$ cat structure-v9.cif   # mmCIF, C-alpha atoms
data_my_file
#
loop_
_atom_site.label_atom_id
_atom_site.label_comp_id
_atom_site.auth_asym_id
_atom_site.auth_seq_id
_atom_site.Cartn_x
_atom_site.Cartn_y
_atom_site.Cartn_z
CA MET M 71 9.62 37.32 9.09
CA LYS M 72 8.89 36.37 12.66
CA TYR M 73 5.89 34.74 14.21
CA LEU M 74 3.17 36.88 15.74
CA SER M 75 4.20 37.11 19.39
CA ALA M 76 1.91 37.75 22.33
CA THR M 77 3.19 41.32 22.23
CA ASP M 78 2.01 41.65 18.63
CA VAL M 79 -1.42 40.32 19.60
CA VAL M 80 -1.61 42.91 22.35
CA GLN M 81 -0.77 45.74 19.96
CA ARG M 82 -3.31 44.49 17.41
CA ILE M 83 -6.09 44.39 20.04
CA LYS M 84 -5.21 47.90 21.14
CA SER M 85 -5.13 49.36 17.64
CA CYS M 86 -8.43 47.72 16.65
CA LEU M 87 -10.41 48.64 19.75
CA SER M 88 -8.91 51.82 21.20
CA ALA M 89 -10.57 54.00 18.56
CA GLU M 90 -13.99 52.62 19.53
CA GLY M 91 -13.95 54.19 22.98
CA VAL M 92 -13.08 51.00 24.87
CA ASP M 93 -10.73 51.57 27.84
CA VAL M 94 -8.22 49.09 26.48
CA GLU M 95 -5.32 50.35 28.62
CA GLY M 96 -7.32 49.94 31.81
CA LEU M 97 -8.46 46.46 30.81
CA PHE M 98 -4.89 45.40 30.07
CA SER M 99 -3.78 46.71 33.44
CA ARG M 100 -6.54 44.86 35.31
CA ALA M 101 -5.68 41.66 33.44
CA ALA M 102 -2.02 42.05 34.56
CA LEU M 103 -0.92 42.50 30.94
CA GLY M 104 0.22 46.12 31.18
CA TRP M 105 3.88 45.08 31.03
CA PHE M 106 3.38 44.06 27.37
CA GLU M 107 3.44 47.73 26.49
CA GLN M 108 7.22 47.64 26.84
CA GLY M 109 7.37 44.71 24.42
CA THR M 110 8.72 42.39 27.10
CA GLU M 111 7.46 38.81 27.21
CA ARG M 112 8.57 37.72 30.63
CA ALA M 113 6.09 35.00 31.60
CA ALA M 114 7.53 31.51 31.73
CA ASP M 115 4.25 30.16 33.12
CA LEU M 116 2.21 29.64 29.93
CA LEU M 117 -1.01 28.74 31.72
CA ALA M 118 -0.84 31.88 33.85
CA LEU M 119 -0.30 33.96 30.71
CA SER M 120 -3.25 32.22 29.05
CA ASP M 121 -5.40 33.11 32.07
CA HIS M 122 -4.40 36.77 31.76
CA PHE M 123 -5.57 36.79 28.14
CA SER M 124 -8.84 35.11 29.13
CA GLN M 125 -9.41 37.83 31.74
CA LEU M 126 -8.68 40.45 29.10
CA TRP M 127 -11.23 39.06 26.62
CA GLU M 128 -13.85 38.82 29.37
CA GLY M 129 -13.23 42.47 30.23
CA LEU M 130 -13.34 43.54 26.58
CA ALA M 131 -16.68 41.80 26.04
CA LEU M 132 -18.16 43.36 29.17
CA ALA M 133 -16.82 46.87 28.51
CA SER M 134 -17.89 46.91 24.86
CA GLY M 135 -21.25 45.26 25.42
CA ASP M 136 -20.52 43.19 22.31
CA PRO M 137 -20.38 39.40 22.82
CA LEU M 138 -18.93 39.11 19.29
CA ILE M 139 -15.99 41.39 19.97
CA GLY M 140 -13.57 38.55 19.15
CA PHE M 141 -14.45 38.99 15.48
CA ARG M 142 -13.48 42.68 15.54
CA VAL M 143 -9.75 42.12 16.08
CA PHE M 144 -7.94 41.22 12.87
CA ALA M 145 -4.48 41.21 11.33
CA PRO M 146 -4.05 43.57 8.34
CA ASP M 147 -1.93 40.94 6.61
CA PRO M 148 -3.50 37.47 7.11
CA LEU M 149 -0.06 35.82 7.09
CA SER M 150 1.72 38.31 9.37
CA TRP M 151 1.09 36.10 12.40
CA LEU M 152 2.78 33.06 10.85
CA GLY M 153 6.17 34.19 9.56
CA VAL M 154 7.98 31.37 7.74
CA LEU M 155 5.03 29.06 8.35
CA GLY M 156 2.89 31.41 6.24
CA HIS M 157 5.29 30.92 3.33
CA LEU M 158 5.01 27.15 3.75
CA MET M 159 1.21 27.36 3.60
CA LEU M 160 1.46 29.39 0.37
CA ALA M 161 3.81 26.75 -1.05
CA SER M 162 1.50 23.85 -0.09
CA PRO M 163 -0.40 22.05 -2.89
CA THR M 164 -3.89 22.28 -1.35
CA LEU M 165 -5.71 23.98 1.50
CA ARG M 166 -5.88 20.62 3.29
CA GLN M 167 -2.09 20.30 3.18
CA ALA M 168 -1.72 23.94 4.26
CA ALA M 169 -4.00 23.26 7.23
CA ASP M 170 -2.03 20.08 8.05
CA ASN M 171 1.19 22.08 8.04
CA LEU M 172 -0.34 24.73 10.29
CA MET M 173 -1.38 22.08 12.84
CA ARG M 174 2.05 20.44 12.67
CA TYR M 175 3.95 23.62 13.52
CA MET M 176 1.36 25.26 15.78
CA PRO M 177 3.70 24.99 18.83
CA LEU M 178 5.92 27.58 17.13
CA VAL M 179 2.99 29.99 16.92
CA SER M 180 1.21 29.44 20.24
CA PRO M 181 2.19 26.76 22.80
CA VAL M 182 -1.21 26.96 24.55
CA VAL M 183 -3.18 26.05 21.41
CA ARG M 184 -3.95 22.37 20.93
CA ALA M 185 -5.13 21.86 17.35
CA THR M 186 -6.09 18.67 15.51
CA ILE M 187 -7.20 17.83 11.99
CA GLU M 188 -8.96 14.61 10.99
CA PRO M 189 -10.94 13.31 8.00
CA LYS M 190 -14.62 12.41 8.14
CA SER M 191 -16.72 10.77 5.44
CA ASP M 192 -17.22 13.87 3.28
CA ARG M 193 -15.54 16.51 5.44
CA VAL M 194 -12.37 17.45 7.28
CA ARG M 195 -12.69 18.40 10.95
CA VAL M 196 -10.35 20.93 12.56
CA GLY M 197 -10.44 20.80 16.36
CA LEU M 198 -9.21 23.51 18.70
CA ASN M 199 -8.52 23.62 22.42
CA LEU M 200 -7.14 26.76 24.05
CA VAL M 201 -5.46 25.56 27.23
CA GLY M 202 -6.00 27.67 30.34
CA GLY M 203 -4.95 27.48 33.95
CA VAL M 204 -7.56 28.17 36.63
CA ARG M 205 -9.67 30.65 34.66
CA PRO M 206 -12.21 29.39 32.08
CA VAL M 207 -11.39 30.38 28.50
CA PRO M 208 -14.12 32.77 27.26
CA VAL M 209 -15.86 32.17 23.95
CA GLN M 210 -14.43 35.45 22.61
CA ARG M 211 -10.93 33.93 22.46
CA TYR M 212 -12.27 31.14 20.25
CA ASP M 213 -14.10 33.69 18.06
CA PHE M 214 -10.82 35.56 17.60
CA THR M 215 -8.83 32.40 16.82
CA TRP M 216 -11.41 30.95 14.41
CA ASN M 217 -11.69 34.27 12.60
CA LEU M 218 -7.92 34.47 12.24
CA LEU M 219 -7.73 30.89 10.94
CA LEU M 220 -10.50 31.40 8.39
CA THR M 221 -9.01 34.68 7.15
CA THR M 222 -5.67 32.92 6.68
CA LEU M 223 -7.11 29.95 4.76
CA ARG M 224 -9.13 32.27 2.52
CA PHE M 225 -6.04 34.29 1.70
CA VAL M 226 -3.78 31.28 1.09
CA GLY M 227 -6.30 29.54 -1.17
CA GLY M 228 -7.42 32.68 -2.97
CA ARG M 229 -10.92 31.80 -1.77
CA PRO M 230 -12.56 34.83 -0.11
CA ASP M 231 -15.84 32.90 -0.22
CA LEU M 232 -14.49 29.93 1.76
CA LYS M 233 -16.71 29.00 4.69
CA PRO M 234 -17.06 25.98 6.97
CA ALA M 235 -19.82 23.42 6.59
CA VAL M 236 -20.51 23.68 10.30
CA VAL M 237 -18.97 25.26 13.42
CA GLU M 238 -19.23 23.74 16.89
CA TYR M 239 -18.69 25.43 20.25
CA ALA M 240 -18.33 23.64 23.58
CA TYR M 241 -20.25 26.47 25.25
CA PRO M 242 -23.89 26.77 26.35
CA PRO M 243 -26.16 28.27 23.68
CA PRO M 244 -26.43 32.08 23.85
CA ALA M 245 -29.84 33.77 23.91
CA ASP M 246 -29.46 34.37 20.17
CA GLY M 247 -27.00 32.28 18.15
CA ALA M 248 -27.96 33.82 14.80
CA PRO M 249 -25.10 36.40 14.81
CA TRP M 250 -22.52 33.57 14.92
CA SER M 251 -24.19 31.81 11.99
CA GLU M 252 -24.14 35.08 10.06
CA ARG M 253 -20.44 35.60 10.80
CA PHE M 254 -19.43 32.13 9.64
CA GLY M 255 -22.01 31.75 6.89
CA CYS M 256 -22.97 28.27 8.05
CA PRO M 257 -24.83 26.48 10.89
CA VAL M 258 -23.28 26.98 14.33
CA ARG M 259 -23.93 24.45 17.09
CA PHE M 260 -23.45 25.27 20.76
CA GLY M 261 -23.21 22.76 23.58
CA ALA M 262 -20.97 20.50 21.47
CA PRO M 263 -18.38 18.14 23.01
CA ALA M 264 -15.51 20.20 21.57
CA ASN M 265 -14.69 23.36 19.62
CA ALA M 266 -14.33 22.56 15.93
CA LEU M 267 -14.77 23.66 12.32
CA GLU M 268 -15.74 21.22 9.60
CA PHE M 269 -15.00 21.84 5.91
CA ALA M 270 -16.47 20.04 2.92
CA ASN M 271 -13.86 17.96 1.11
CA ALA M 272 -14.55 19.87 -2.10
CA ASP M 273 -13.57 23.13 -0.38
CA ILE M 274 -10.59 21.96 1.66
CA THR M 275 -8.96 20.22 -1.32
CA THR M 276 -8.83 23.48 -3.27
CA PRO M 277 -5.48 23.80 -5.08
CA ILE M 278 -3.32 26.72 -3.93
CA PRO M 279 -2.27 29.00 -6.81
CA THR M 280 1.18 29.67 -5.33
CA ALA M 281 2.03 25.99 -4.67
CA SER M 282 5.74 25.22 -4.95
CA PRO M 283 7.02 21.74 -3.97
CA LEU M 284 10.66 22.85 -4.15
CA ALA M 285 10.10 25.84 -1.86
CA ALA M 286 8.03 23.69 0.52
CA GLU M 287 10.86 21.17 0.85
CA GLY M 288 13.30 23.83 2.02
CA LEU M 289 10.75 25.39 4.37
CA PHE M 290 10.00 21.99 5.93
CA ARG M 291 13.68 21.58 6.82
CA LEU M 292 13.85 25.07 8.28
CA LEU M 293 10.69 24.68 10.36
CA ASP M 294 11.68 21.22 11.60
CA GLU M 295 14.95 22.70 12.85
CA ARG M 296 13.10 25.55 14.55
CA LEU M 297 10.61 23.19 16.14
CA ALA M 298 13.41 21.02 17.52
CA GLN M 299 15.24 24.10 18.76
CA ALA M 300 12.10 25.51 20.39
CA GLU M 301 11.62 22.25 22.26
CA ARG M 302 15.21 22.27 23.51
CA SER M 303 16.40 25.84 23.95
CA SER M 304 16.33 27.12 27.50
CA PHE M 305 13.61 24.68 28.48
CA ALA M 306 15.49 23.72 31.63
CA ALA M 307 15.91 27.43 32.41
CA ARG M 308 12.14 27.95 32.12
CA VAL M 309 11.49 25.06 34.50
CA ARG M 310 14.16 26.34 36.88
CA GLU M 311 12.52 29.79 36.97
CA MET M 312 9.25 28.26 38.10
CA LEU M 313 10.65 26.10 40.89
CA PRO M 314 11.48 28.59 43.69
CA ALA M 315 7.88 29.73 44.17
CA MET M 316 6.56 26.19 43.91
CA ILE M 317 9.10 24.84 46.39
CA ASP M 318 8.23 27.66 48.77
CA GLN M 319 4.57 26.67 48.55
CA GLY M 320 5.33 23.22 49.82
CA GLY M 321 6.72 21.19 46.98
CA ALA M 322 7.72 21.23 43.34
CA LEU M 323 5.82 18.35 41.86
CA ARG M 324 6.55 17.14 38.38
CA ASP M 325 2.91 16.99 37.34
CA ALA M 326 2.24 20.53 38.63
CA VAL M 327 5.10 21.93 36.57
CA ALA M 328 3.94 20.02 33.50
CA ARG M 329 0.42 21.45 33.87
CA ARG M 330 1.76 25.00 34.11
CA LEU M 331 3.76 24.47 30.93
CA ALA M 332 0.75 22.89 29.22
CA ILE M 333 2.58 19.66 28.44
CA SER M 334 2.50 16.08 29.72
CA GLU M 335 4.89 14.76 32.37
CA ARG M 336 6.40 12.48 29.75
CA THR M 337 7.10 15.42 27.46
CA LEU M 338 8.55 17.38 30.38
CA GLN M 339 11.01 14.60 31.18
CA ARG M 340 11.90 14.06 27.51
CA ARG M 341 12.68 17.72 26.90
CA LEU M 342 14.82 17.94 30.02
CA ALA M 343 16.64 14.77 29.00
CA ASP M 344 17.33 16.33 25.59
CA GLU M 345 19.19 19.09 27.44
CA GLY M 346 21.15 16.61 29.53
CA THR M 347 19.29 17.05 32.81
CA ASP M 348 16.20 15.86 34.65
CA PHE M 349 13.54 17.23 36.98
CA SER M 350 15.10 15.91 40.21
CA THR M 351 18.43 17.52 39.33
CA LEU M 352 16.81 20.91 38.73
CA VAL M 353 14.93 20.72 42.03
CA ASP M 354 18.16 19.86 43.82
CA GLU M 355 20.00 22.78 42.18
CA VAL M 356 17.29 25.26 43.11
CA ARG M 357 17.13 23.98 46.69
CA ARG M 358 20.90 24.37 46.99
CA THR M 359 20.75 27.96 45.74
CA ILE M 360 17.97 28.89 48.16
CA ALA M 361 19.75 27.19 51.06
CA GLN M 362 22.93 29.11 50.27
CA GLN M 363 20.97 32.37 50.37
CA TYR M 364 19.48 31.68 53.79
CA LEU M 365 22.16 29.75 55.67
CA GLY M 366 24.32 31.94 57.83
CA SER M 367 21.60 34.52 58.40
CA ASP M 368 19.16 34.94 61.25
CA ARG M 369 16.16 35.37 58.93
CA ILE M 370 15.00 31.79 59.36
CA SER M 371 15.83 28.83 61.56
CA VAL M 372 17.44 25.73 60.12
CA LYS M 373 14.32 23.73 60.95
CA ASN M 374 12.00 26.16 59.16
CA LEU M 375 14.37 26.41 56.23
CA SER M 376 14.31 22.64 55.81
CA TYR M 377 10.51 22.72 55.52
CA LYS M 378 10.62 25.77 53.26
CA LEU M 379 12.79 23.78 50.86
CA GLY M 380 10.30 20.92 50.82
CA PHE M 381 12.28 18.39 52.88
CA SER M 382 10.24 15.91 54.89
CA ASP M 383 12.29 16.54 58.02
CA PRO M 384 15.41 18.47 59.15
CA SER M 385 17.58 15.35 59.01
CA ALA M 386 17.00 15.11 55.24
CA PHE M 387 18.08 18.76 54.91
CA HIS M 388 21.13 17.97 57.07
CA ARG M 389 22.18 15.21 54.66
CA ALA M 390 21.60 17.48 51.65
CA CYS M 391 23.85 20.17 53.14
CA LEU M 392 26.61 17.64 53.67
CA ARG M 393 26.31 16.68 50.02
CA TRP M 394 26.08 20.28 48.74
CA PHE M 395 28.59 22.07 50.95
CA GLY M 396 30.53 19.36 52.75
CA LYS M 397 29.22 20.71 56.05
CA ALA M 398 26.13 20.40 58.20
CA PRO M 399 23.78 23.43 58.31
CA GLY M 400 25.15 24.62 61.65
CA GLU M 401 28.76 24.33 60.49
CA PHE M 402 27.99 26.19 57.29
CA GLN M 403 26.44 28.98 59.34
CA GLN M 404 29.52 29.23 61.57
CA LYS M 405 31.73 29.40 58.47
CA VAL M 406 29.70 32.31 57.10
CA ASN M 407 29.83 34.10 60.45
CA ALA M 408 33.62 33.71 60.54
CA THR M 409 33.91 35.10 57.03
CA THR M 410 31.82 38.16 57.84
CA GLY M 411 33.52 38.76 61.17
CA ALA M 412 30.43 37.91 63.21
CA VAL M 413 30.88 36.32 66.61
CA ALA M 414 29.20 32.96 67.02
CA PRO M 415 26.90 32.81 70.05
CA ALA M 416 28.84 29.95 71.69
CA SER M 417 32.23 31.64 71.45
CA SER M 418 33.77 34.28 73.74
CA SER M 419 36.78 36.55 73.56
CA ARG M 420 38.95 38.58 75.95
CA ARG M 421 40.39 41.93 75.06
CA SER M 422 44.14 42.02 75.68
CA ASP M 423 45.63 45.04 77.34
#
$ encode --input "structure-v9.cif" --output "structure tokens"
Amino acid sequence: MKYLSATDVVQRIKSCLSAEGVDVEGLFSRAALGWFEQGTERAADLLALSDHFSQLWEGLALASGDPLIGFRVFAPDPLSWLGVLGHLMLASPTLRQAADNLMRYMPLVSPVVRATIEPKSDRVRVGLNLVGGVRPVPVQRYDFTWNLLLTTLRFVGGRPDLKPAVVEYAYPPPADGAPWSERFGCPVRFGAPANALEFANADITTPIPTASPLAAEGLFRLLDERLAQAERSSFAARVREMLPAMIDQGGALRDAVARRLAISERTLQRRLADEGTDFSTLVDEVRRTIAQQYLGSDRISVKNLSYKLGFSDPSAFHRACLRWFGKAPGEFQQKVNATTGAVAPASSSRRSD
């Protein structure tokens, strides 16, 4: 089993809402998510992708006229979105442990979800933060995520009657909050400091009928390996893909890249170090590649190219070219001209008879 990818989410939204007369295809196109139809997940910029989904949910709520539309998208199999992690939850001893395991491996399911779980006096609080870029995350995305989480916990624990003690939203109160209370079966508070569900200890400590310590042990090892691999594999490539556009915009700053990947600068540096590289090295490699593409052509002057690559002045670019190519920018350009048969402006030739 595989985890529910963004492509799977897209298909589930379409199948649930298309039959209701909502122009789902048009909304996906306007949210710049039409390319998901080919099943291709090409976005390395997680915050940009999160913003596209926020735009989609805003459009769905507006087109349907239903502010609770997030509750109308569901997975037919409550564990289909979790893959191996779903099996671990079924093998967990209690719902609390299953929820702990879900929080622990959430990066495998959705890198833009920040989830926490903490005990209170007589309750357990599950916090949720959907990280976005420049676009605010609409409440419908939280409705969808909470509904999916609750459906999963009910299925795992064999408790179709499971409900939170209270739900909190960090959103202004709607004109009528009663529909949310009816959906959750408990009080719902708006205007809270954070988005969270709270469960009574008696409910969250429910034993799971399918608990299996031996199976859980093997699944822990498998998921730990996958989590480590997910943190390492092609991470440098993802960063490298983002750099050209950022350099072209006037600089590739470490904190800006970290924000786009929804991680801290410290985590960014650690993950790159795990792959045997660092941020400065990647920037240098990308600058060299861009310089090689432009040098020797008349598309841009050496001075403008130096600024395009984010150098403080042309002399810094001059030194970089000596280090990269063993030649100054002008010499590199003459070498390319000689290779292509072009005549350098300063040279002249006489035709022999």
$ atom_distance --input "structure-v9.cif" --atom1 "atom CA of Ala272 of chain M" --atom2 "atom CA of Thr215 of chain M"
23.4 Å
$ resolve_selection --input "structure-v9.cif" --expression "the PyMOL selection byres ((chain M and resi 183) around 8)" --output "list of chain:residue names"
M:Met176, M:Pro177, M:Ser180, M:Pro181, M:Val182, M:Arg184, M:Ala185, M:Leu198, M:Asn199, M:Leu200, M:Val201
$ closest_residue --input "structure-v9.cif" --among "M:Leu160, M:Asp93, M:Glu128, M:Ser85" --to "Leu289 of chain M" --atoms "all atoms listed in the file"
M:Leu160
$ residues_around --input "structure-v9.cif" --residues "segment 275-282 of chain M" --least-positions-apart "6" --cutoff "9 Å" --atoms "all atoms listed in the file" --output "PyMOL selection string"
chain M and resi 158-168+226-229
$ atom_distance --input "structure-v9.cif" --atom1 "atom CA of Leu138 of chain M" --atom2 "atom CA of Phe214 of chain M"
9.0 Å
$ atom_distance --input "structure-v9.cif" --atom1 "atom CA of Ile274 of chain M" --atom2 "atom CA of Tyr175 of chain M"
18.8 Å
$ closest_residue --input "structure-v9.cif" --among "M:Lys84, M:Gly140, M:Arg211, M:Asn271" --to "Ser120 of chain M" --atoms "only C-alpha atoms"
M:Arg211
$ residues_around --input "structure-v9.cif" --residues "segment 355-362 of chain M" --least-positions-apart "4" --cutoff "10 Å" --atoms "all atoms listed in the file" --output "PDB file with C-alpha atoms, in the frame of the given file"
ATOM      1  CA  ARG M 310      14.160  26.340  36.880  1.00  0.00           C
ATOM      2  CA  GLU M 311      12.520  29.790  36.970  1.00  0.00           C
ATOM      3  CA  MET M 312       9.250  28.260  38.100  1.00  0.00           C
ATOM      4  CA  LEU M 313      10.650  26.100  40.890  1.00  0.00           C
ATOM      5  CA  PRO M 314      11.480  28.590  43.690  1.00  0.00           C
ATOM      6  CA  ILE M 317       9.100  24.840  46.390  1.00  0.00           C
ATOM      7  CA  ASP M 318       8.230  27.660  48.770  1.00  0.00           C
ATOM      8  CA  PHE M 349      13.540  17.230  36.980  1.00  0.00           C
ATOM      9  CA  SER M 350      15.100  15.910  40.210  1.00  0.00           C
ATOM     10  CA  THR M 351      18.430  17.520  39.330  1.00  0.00           C
ATOM     11  CA  GLY M 366      24.320  31.940  57.830  1.00  0.00           C
ATOM     12  CA  SER M 367      21.600  34.520  58.400  1.00  0.00           C
ATOM     13  CA  VAL M 372      17.440  25.730  60.120  1.00  0.00           C
ATOM     14  CA  LEU M 375      14.370  26.410  56.230  1.00  0.00           C
ATOM     15  CA  SER M 376      14.310  22.640  55.810  1.00  0.00           C
ATOM     16  CA  LYS M 378      10.620  25.770  53.260  1.00  0.00           C
ATOM     17  CA  LEU M 379      12.790  23.780  50.860  1.00  0.00           C
ATOM     18  CA  GLY M 380      10.300  20.920  50.820  1.00  0.00           C
ATOM     19  CA  PHE M 381      12.280  18.390  52.880  1.00  0.00           C
ATOM     20  CA  PHE M 387      18.080  18.760  54.910  1.00  0.00           C
ATOM     21  CA  ALA M 390      21.600  17.480  51.650  1.00  0.00           C
ATOM     22  CA  CYS M 391      23.850  20.170  53.140  1.00  0.00           C
ATOM     23  CA  ARG M 393      26.310  16.680  50.020  1.00  0.00           C
ATOM     24  CA  TRP M 394      26.080  20.280  48.740  1.00  0.00           C
ATOM     25  CA  PHE M 395      28.590  22.070  50.950  1.00  0.00           C
ATOM     26  CA  PRO M 399      23.780  23.430  58.310  1.00  0.00           C
ATOM     27  CA  PHE M 402      27.990  26.190  57.290  1.00  0.00           C
ATOM     28  CA  GLN M 403      26.440  28.980  59.340  1.00  0.00           C
TER      29      GLN M 403
END
$ closest_residue --input "structure-v9.cif" --among "M:Gly153, M:Leu352, M:Ala298, M:Ala266" --to "Arg324 of chain M" --atoms "only C-alpha atoms"
M:Leu352
$ closest_residue --input "structure-v9.cif" --among "M:Glu268, M:Arg308, M:Tyr212, M:Leu172" --to "Val154 of chain M" --atoms "only C-alpha atoms"
M:Leu172
$ closest_residue --input "structure-v9.cif" --among "M:Pro148, M:Asp192, M:Met173, M:Ile139" --to "Pro230 of chain M" --atoms "all atoms listed in the file"
M:Pro148
$ closest_residue --input "structure-v9.cif" --among "M:His388, M:Arg195, M:Arg205, M:Arg224" --to "Glu238 of chain M" --atoms "all atoms listed in the file"
M:Arg195
$ residues_around --input "structure-v9.cif" --residues "segment 249-260 of chain M" --least-positions-apart "3" --cutoff "12 Å" --atoms "all atoms listed in the file" --output "PyMOL selection string"
chain M and resi 136-142+209-210+212-214+216-217+219-221+231-246+263-270
$ decode --input "structure-v9.cif" --residues "segment 203-218 of chain M" --atoms "N, CA, C and O atoms" --output "mmCIF file, in the first residue's frame"
data_model
loop_
_atom_site.group_PDB
_atom_site.id
_atom_site.type_symbol
_atom_site.label_atom_id
_atom_site.label_comp_id
_atom_site.auth_asym_id
_atom_site.auth_seq_id
_atom_site.Cartn_x
_atom_site.Cartn_y
_atom_site.Cartn_z
ATOM 1 N N GLY M 203 1.852 29.318 2.052
ATOM 2 C CA GLY M 203 2.852 30.278 1.608
ATOM 3 C C GLY M 203 2.356 31.692 1.818
ATOM 4 O O GLY M 203 2.378 32.230 2.924
ATOM 5 N N VAL M 204 1.866 32.317 0.744
ATOM 6 C CA VAL M 204 1.370 33.690 0.829
ATOM 7 C C VAL M 204 -0.143 33.743 0.956
ATOM 8 O O VAL M 204 -0.700 34.768 1.313
ATOM 9 N N ARG M 205 -0.830 32.644 0.653
ATOM 10 C CA ARG M 205 -2.293 32.633 0.679
ATOM 11 C C ARG M 205 -2.776 32.059 2.017
ATOM 12 O O ARG M 205 -2.303 31.015 2.448
ATOM 13 N N PRO M 206 -3.735 32.720 2.674
ATOM 14 C CA PRO M 206 -4.284 32.160 3.919
ATOM 15 C C PRO M 206 -4.938 30.802 3.669
ATOM 16 O O PRO M 206 -5.541 30.576 2.625
ATOM 17 N N VAL M 207 -4.797 29.902 4.629
ATOM 18 C CA VAL M 207 -5.408 28.579 4.529
ATOM 19 C C VAL M 207 -6.880 28.695 4.909
ATOM 20 O O VAL M 207 -7.191 29.121 6.025
ATOM 21 N N PRO M 208 -7.811 28.340 4.030
ATOM 22 C CA PRO M 208 -9.236 28.475 4.348
ATOM 23 C C PRO M 208 -9.694 27.423 5.344
ATOM 24 O O PRO M 208 -9.103 26.344 5.465
ATOM 25 N N VAL M 209 -10.753 27.727 6.067
ATOM 26 C CA VAL M 209 -11.257 26.828 7.092
ATOM 27 C C VAL M 209 -11.696 25.496 6.505
ATOM 28 O O VAL M 209 -11.658 24.463 7.188
ATOM 29 N N GLN M 210 -12.075 25.471 5.218
ATOM 30 C CA GLN M 210 -12.522 24.222 4.601
ATOM 31 C C GLN M 210 -11.426 23.161 4.565
ATOM 32 O O GLN M 210 -11.707 21.964 4.640
ATOM 33 N N ARG M 211 -10.173 23.575 4.454
ATOM 34 C CA ARG M 211 -9.076 22.597 4.468
ATOM 35 C C ARG M 211 -8.953 21.946 5.843
ATOM 36 O O ARG M 211 -8.644 20.755 5.954
ATOM 37 N N TYR M 212 -9.192 22.722 6.898
ATOM 38 C CA TYR M 212 -9.176 22.139 8.238
ATOM 39 C C TYR M 212 -10.379 21.221 8.439
ATOM 40 O O TYR M 212 -10.251 20.144 9.049
ATOM 41 N N ASP M 213 -11.553 21.616 7.931
ATOM 42 C CA ASP M 213 -12.723 20.740 8.022
ATOM 43 C C ASP M 213 -12.424 19.386 7.379
ATOM 44 O O ASP M 213 -12.725 18.335 7.950
ATOM 45 N N PHE M 214 -11.831 19.428 6.197
ATOM 46 C CA PHE M 214 -11.509 18.194 5.470
ATOM 47 C C PHE M 214 -10.523 17.336 6.266
ATOM 48 O O PHE M 214 -10.711 16.123 6.429
ATOM 49 N N THR M 215 -9.488 17.969 6.805
ATOM 50 C CA THR M 215 -8.444 17.230 7.521
ATOM 51 C C THR M 215 -8.970 16.662 8.834
ATOM 52 O O THR M 215 -8.694 15.504 9.179
ATOM 53 N N TRP M 216 -9.734 17.463 9.591
ATOM 54 C CA TRP M 216 -10.306 16.958 10.844
ATOM 55 C C TRP M 216 -11.259 15.794 10.576
ATOM 56 O O TRP M 216 -11.270 14.800 11.315
ATOM 57 N N ASN M 217 -12.083 15.928 9.546
ATOM 58 C CA ASN M 217 -13.033 14.872 9.223
ATOM 59 C C ASN M 217 -12.308 13.575 8.868
ATOM 60 O O ASN M 217 -12.712 12.478 9.281
ATOM 61 N N LEU M 218 -11.222 13.709 8.114
ATOM 62 C CA LEU M 218 -10.440 12.535 7.733
ATOM 63 C C LEU M 218 -9.802 11.888 8.962
ATOM 64 O O LEU M 218 -9.790 10.660 9.107
#
